[in-house]
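Read through the structure below, which is laid out as structure tokens, and then see the notes.
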Amino acid sequence: MSGLDAAGARRWAEAFLDAAERDAEALGDLDRKAGDGDFGTNLVTSVRASRARLGDGPLALPADAFSALSAAFMATGGTSGPLFGMWYRELARAAGDGPEIATDGLAAGLAAGLAVVRRLGGAEVGDKTMVDAMAPAAEAVAAAAESGADVVAALTAAARAARAGAEETASLVARRGRASYVGEVARGIVDPGAATLALFLESGAAAVADPNPVGEHRRSED
Amino acid sequence: MSGLDAAGARRWAEAFLDAAERDAEALGDLDRKAGDGDFGTNLVTSVRASRARLGDGPLALPADAFSALSAAFMATGGTSGPLFGMWYRELARAAGDGPEIATDGLAAGLAAGLAVVRRLGGAEVGDKTMVDAMAPAAEAVAAAAESGADVVAALTAAARAARAGAEETASLVARRGRASYVGEVARGIVDPGAATLALFLESGAAAVADPNPVGEHRRSED
Amino acid sequence: MTRRQFVNDPQDHVREGLAGFELANARLVRWNRDPSYVVRATPARASKVGLLSGGGSGHEPLHTGFVGEGMLDAAVPGAIFSSPTVEQVEAATRAVDAGAGVLHIVKNYTGDKLNFSIAAELVADDGIEVATVVVADDLATDSDDPGLPGRRGTAAVVTVEKVCGAAAERGASLAELKALGERVADGSRSMALALAAPAHPGEGQPSFELLDGEVEFGVGIHGERGIGRTSFASADELAASLTTPVADALDLVAGDEVIAIVNGLGATHPIELNVVFGAAAGVLERRGVEVARALVGPYVTALDMAGCSVTLTRADAEILDLWDAPVRTPGLTW
Amino acid sequence: MTRRQFVNDPQDHVREGLAGFELANARLVRWNRDPSYVVRATPARASKVGLLSGGGSGHEPLHTGFVGEGMLDAAVPGAIFSSPTVEQVEAATRAVDAGAGVLHIVKNYTGDKLNFSIAAELVADDGIEVATVVVADDLATDSDDPGLPGRRGTAAVVTVEKVCGAAAERGASLAELKALGERVADGSRSMALALAAPAHPGEGQPSFELLDGEVEFGVGIHGERGIGRTSFASADELAASLTTPVADALDLVAGDEVIAIVNGLGATHPIELNVVFGAAAGVLERRGVEVARALVGPYVTALDMAGCSVTLTRADAEILDLWDAPVRTPGLTW
Ligand SMILES: Nc1ncnc2c1ncn2[C@@H]1O[C@H](COP(=O)(O)OP(=O)(O)O)[C@@H](O)[C@H]1O
Ligand SMILES: Nc1ncnc2c1ncn2[C@@H]1O[C@H](COP(=O)(O)OP(=O)(O)O)[C@@H](O)[C@H]1O
Ligand SMILES: [Mg+2]
Ligand SMILES: [Mg+2]
Ligand SMILES: [Mg+2]
Ligand SMILES: [Mg+2]
């Protein structure tokens, strides 16, 4: 099996929700330093709603995991809520009703997600937003799809690219979102939206590679 | 001259106003610890108004000094304002239109002052109010008048008695005034009204004894 | 961190505030500068009993914010937390007397009672009739000891001013207003707690410090300490700790109706006050007591104190009817 | 000292506050629990354009406190400092549409614009016409750079809601209301400063710390840092530092009339706000600008932030007439 099945998508979502809950306080602090401080509570709200929507039973399709996240984030409000929500919505749409997501499906989802976030939020790379993590992640997976890499490899590359993009936001002054109001005060502080996006992809790379845990073995098999 | 003349009364008033201004912050702190914290600013307001009413020119009568203080404190409001104001009013009334105040005039004024403050405020000795300084002062001057002591000796005795009474308020819990609302919190803290009254009589003893400054000499003369 | 305020010379703060207040509310009130008191921009009709209240400043909107149609005819503001002077009370009493007498609504503090009563004696010499309602609602200072000053007057004064104000507009006599005011005051109790003490304008330090786990329970409205430190707890628990003793003191039982005021003491946010009100209403509901009317907001502040009070007033048809009557003041309008 | 608030679970704070708010203002408003929005207790007549605003919570009385006759038909409260969701905006829009369309009054924040515009697209599918007025008055975030989000929306939204609310009552069409709202918004600018940062409910620490000699200048209403630290100074100087740039930005000259709002950001006492208003009015008077109407008080708060903002709106006869029209809401009544 070279793609991501429903069980894998659930593992990914749950790993992310665990990580997000664990880091919510720290991510909230970033918004407190260079925004309006609500990112952490918004994230906790989204996480709780996501768990409720994911439920306990098995998912029919991998897209269902992303749909659950999408609906939960959409229902949170704020800026990051609908943007993440619309982004997840594109991941779900690209996955469609297939039983597995392959690298090209992931690439299509990330490209469409990036497009909708850019359209709605108007941010470009370098504006110190989640786009700074989304764009390099989309590029990395597009390159992986091109080279025929499997989902685990693609996700690992995406996570690395997103994290690098997120880290780079520290050197920037924000040009979008509430952090743009504080000018130089934001310099030195990583954008929490970008960091959360990186966390999502890292959670995916780890959870998908290492189900129970025989990941490294699986990867060499593919 | 065995009595207190207009110049002496002015020196007394001015010495008190200087001392009150100097100590207003510390007296205000006492009210902050065991009352509502406005005693200091009330006192500064009274002091400023007193200086305006005293003016620069010579006073016609010693009573004028007390009338000026009375009017100024009456115009301040609060609890201590009208009580001090009514108390000074009695000092002025006892002094009448005489050119000097003798010990018996002072005794009459302090007795009448104590009576009006007790009537209006309803406080008894031991309730941790200005009455705890007023009552022993009135007694001391009554005793001085009885024994034929001069004004300087009478004032010195009054100051000592008032200060002792004020100091003793520290051991009490207040039963009148805003300090009565805080119960045990007030214990250990001197009542600012009593302390101010002691300051007034101490200023009098010093200023009257020591006009320019040949007081010790004068005192032996009387 | 040091507390800071918007202040020029602290000695001028109250007067500068009144100047701004008059300017912002010129259609409703006029400020007489010397002696200092606030009256309605349009005086009431000639035969109405005049309603006067006042006290220390720092409690705004009380009392100046309640001058206007359906409530006070004048308010006399003292220095911060200090009673106004005899001269102010006397002048304001004369200003609002229209021949039918003047009702003094006085919160139970030595200074206020002193200055209002001396002023009442002075105007009586000129034939102006004054009756006085003393409001003493604060449970924290309740005591059987006649040697103590008795319960402080706090937020129930708003209810007394509103209800008597409406009755005065309808032509009640001075004696009727005194009786009504005393009935409302007697049927009112309050309890307050502070999460942080206030600082006087121009002063960097609050009037007391609390440890993290403590609240100051049974505070008044002058930044003085309360009757004890209790544990910081949830809004529901804190609200219950205020509401239950008040309901007990009024012997409220199922079927009783009350007017409730959840009053912000200065720095407490409207959301918090609404949360406390919801919790207080829950306590009353479980007791079968109906909250017939409510006010939730900063009506009687203690500078920038963080905290709130709960005031309950026994209501009946007459009191509710007067409560509902129109009122048009800077601080309360319906 | 740690900051404390009356709060149960912080996640429930906004909803518990709304429950208390509804209970306390039952004659004026009704709270729809899910999706969460506040509507008038008595809906407006059928042919009126619906007025909807909303945004993050923590700014109370804004926006829920301005629902009622003569102002909003509904308000949509988000989480603290967070835009409401698409679902909320969509449901509230449907609730207040009476066939004449719905005006969205939106403060200029990415999240608010995002959620309101997605909701507007969704209801458009069902034939509900929506027009949007974006309020962007905060001078501190003014910039020529189109890559930046532009001026934040702050207290001028109260003026827009009041004026458009009155016009809607009088039968203005959706297009007329949009034009009017944009005229009022374009003629409005604000500037704010903080003396102390707010703390989120349940959080002990304020969102930033200031040194004793500093004020945070050019803050918004979300506890974010301002555009710079300036020196703490007298109320007169601080008021001038807010008023002068606003008057300059509006090119106000002798003979111009304005509506002024001196808005408390949460913990600032009414006396202080009145002092600032007096000083601001002095600055304008020396310029020959007339303050035709004024609001002084906490209308658009940022939780318990200590500080204030000055908002000026160019006024003309039409705007003043609409301003003076009756309004009956929990937060504003005349
Ligand atoms: N215009 C935008 N486009 C894309 N992302 C944005 C934009 N504005 C803000 N963001 C992202 O949203 C995050 C802040 O989200 P959140 O705190 O929920 O919203 P708010 O700014 O409304 O308080 C930022 O860290 C940033 O990544
Ligand atoms: N009933 C009373 N009788 C006599 N003196 C009193 C009484 N109540 C208070 N005082 C005095 O007044 C002082 C407080 O004055 P002040 O701070 O001006 O008034 P307030 O208590 O109204 O704030 C106390 O220190 C006490 O000496
Ligand atoms: Mg944020
Ligand atoms: Mg005092
Ligand atoms: Mg006082
Ligand atoms: Mg936000």
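Ligands are numbered from 1 in the order shown, residues from 1 within each chain, and chains are lettered A, B, ... in the order they appear in the structure tokens.
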message: What are the residues of chain A lining chain D at 8 Å or less? Count only C-alpha atoms, and put the answer as a ChimeraX atom specification.
response: /A:32-38,41-42,45,74-80,82,120-121,175-178,180-183,185
task: Find the residues near A:Leu30: any atom within 7 Å, counting only C-alpha atoms, skip ones fewer than 3 places away on the same chain, and give them as JSON, numbers by chain.
output: {"A": [26, 27, 33, 34, 189, 190, 191, 192]}
Given the selection you just returned, output its residues as a file containing N, CA and C atoms, formatted as a short mmCIF file (atom, residue, chain, number, x, y, z; two decimals), in the first residue's frame.
data_model
loop_
_atom_site.label_atom_id
_atom_site.label_comp_id
_atom_site.auth_asym_id
_atom_site.auth_seq_id
_atom_site.Cartn_x
_atom_site.Cartn_y
_atom_site.Cartn_z
N ALA A 26 2.06 27.52 24.24
CA ALA A 26 3.25 28.15 23.66
C ALA A 26 2.89 28.91 22.38
N LEU A 27 2.00 28.34 21.58
CA LEU A 27 1.58 29.02 20.35
C LEU A 27 0.77 30.28 20.70
N LYS A 33 2.60 37.82 22.14
CA LYS A 33 3.74 38.72 21.95
C LYS A 33 3.58 39.58 20.71
N ALA A 34 2.99 39.06 19.67
CA ALA A 34 2.97 39.81 18.42
C ALA A 34 1.59 39.83 17.78
N ILE A 189 9.82 36.86 16.53
CA ILE A 189 8.78 35.94 17.01
C ILE A 189 8.21 35.14 15.83
N VAL A 190 8.20 33.84 15.99
CA VAL A 190 7.67 32.96 14.95
C VAL A 190 6.16 33.17 14.84
N ASP A 191 5.63 33.15 13.62
CA ASP A 191 4.19 33.29 13.42
C ASP A 191 3.47 32.02 13.88
N PRO A 192 2.50 32.14 14.78
CA PRO A 192 1.87 30.94 15.31
C PRO A 192 1.07 30.15 14.27
#
- request: Tell me, as a VMD selection string, which residues lie within 12 Å of A:Ala158, counting only C-alpha atoms; anything in the same chain fewer than 2 positions away does not count.
  value: chain A and resid 103 106 to 107 110 133 to 145 149 151 to 156 160 to 166 197 to 206
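Across the model, the gap from atom 21 (O, counted along the ligand's line) of ligand 2 to atom CA of B:Ala179 is 7.2 Å.
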- prompt: Please, which residues of stretch 69-285 of chain C, numbered as in this document, come out helix (DSSP H, G or I) from DSSP, as a PyMOL selection string?
  reply: chain C and resi 86-96+110-124+139-141+156-169+174-186+235-249+270-285
Residues near C:Val29, cut-off 8 Å, only C-alpha atoms, skip fewer than 4 positions along chain, as JSON, numbers by chain: {"C": [22, 25, 38, 39, 40, 41, 42, 67, 68]}
task: May I have the residues within 6 Å of A:Val47 as an MDAnalysis selection string, using only C-alpha atoms and disregarding those fewer than 3 positions away in the same chain?
output: chainID A and resid 17 44 50
Using C-alpha atoms, can you export the residues from the last selection as a tab-separated table (two decimals), in the first residue's frame?
chain	number	residue	atom	x	y	z
A	17	LEU	CA	-4.62	17.28	17.80
A	44	VAL	CA	-7.96	24.68	21.87
A	50	SER	CA	-12.19	18.34	15.93
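For the set D:Thr64, D:Thr268, D:Ser53, D:Thr154, the residue with the smallest atom-to-atom gap to D:Thr132 is D:Ser53, counting only C-alpha atoms.
Atom CA of A:Leu43 to atom CA of D:Ala92 spans 24.2 Å [interatomic distance, one decimal].
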task: Enumerate the residues of stretch 34-75 of chain D with a DSSP assignment of strand (DSSP E or B), computed from the backbone, and present them as a ChimeraX atom specification.
output: /D:37-40,50-57,67,69,72,74-75
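Reported to one decimal place, the separation of atom CA of A:Ala7 from atom CA of A:Glu146 is 25.7 Å.
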Can you tell me, as a compact mmCIF listing (two decimals) with N, CA and C atoms, in the first residue's frame, what residues are no more than 8 Å from B:Glu100 when counting only C-alpha atoms, ignoring any on the same chain fewer than 5 positions away?
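Writing the result to result_16.txt gives the following:
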# COMPACT_ATOMS: atom_id res chain seq x y z
N GLY B 3 -0.69 85.62 78.32
CA GLY B 3 -1.64 84.96 77.40
C GLY B 3 -1.05 84.81 76.00
N LEU B 4 -1.92 84.34 75.11
CA LEU B 4 -1.54 84.14 73.71
C LEU B 4 -2.11 85.27 72.88
N ASP B 5 -1.23 86.08 72.25
CA ASP B 5 -1.75 87.20 71.47
C ASP B 5 -1.93 86.80 70.01
N ALA B 6 -2.37 87.77 69.22
CA ALA B 6 -2.68 87.47 67.82
C ALA B 6 -1.45 86.98 67.06
N LEU B 61 -7.08 89.69 66.02
CA LEU B 61 -7.33 88.98 67.28
C LEU B 61 -6.76 87.58 67.20
N PRO B 62 -6.40 86.99 68.35
CA PRO B 62 -5.98 85.58 68.30
C PRO B 62 -7.08 84.66 67.78
N ALA B 95 -12.19 82.17 72.56
CA ALA B 95 -11.25 83.30 72.56
C ALA B 95 -11.99 84.61 72.42
Among the residues B:Ala19, B:Val116, B:Ala108, B:Ile101, the one that comes closest to B:Phe84 [using only C-alpha atoms]: B:Val116
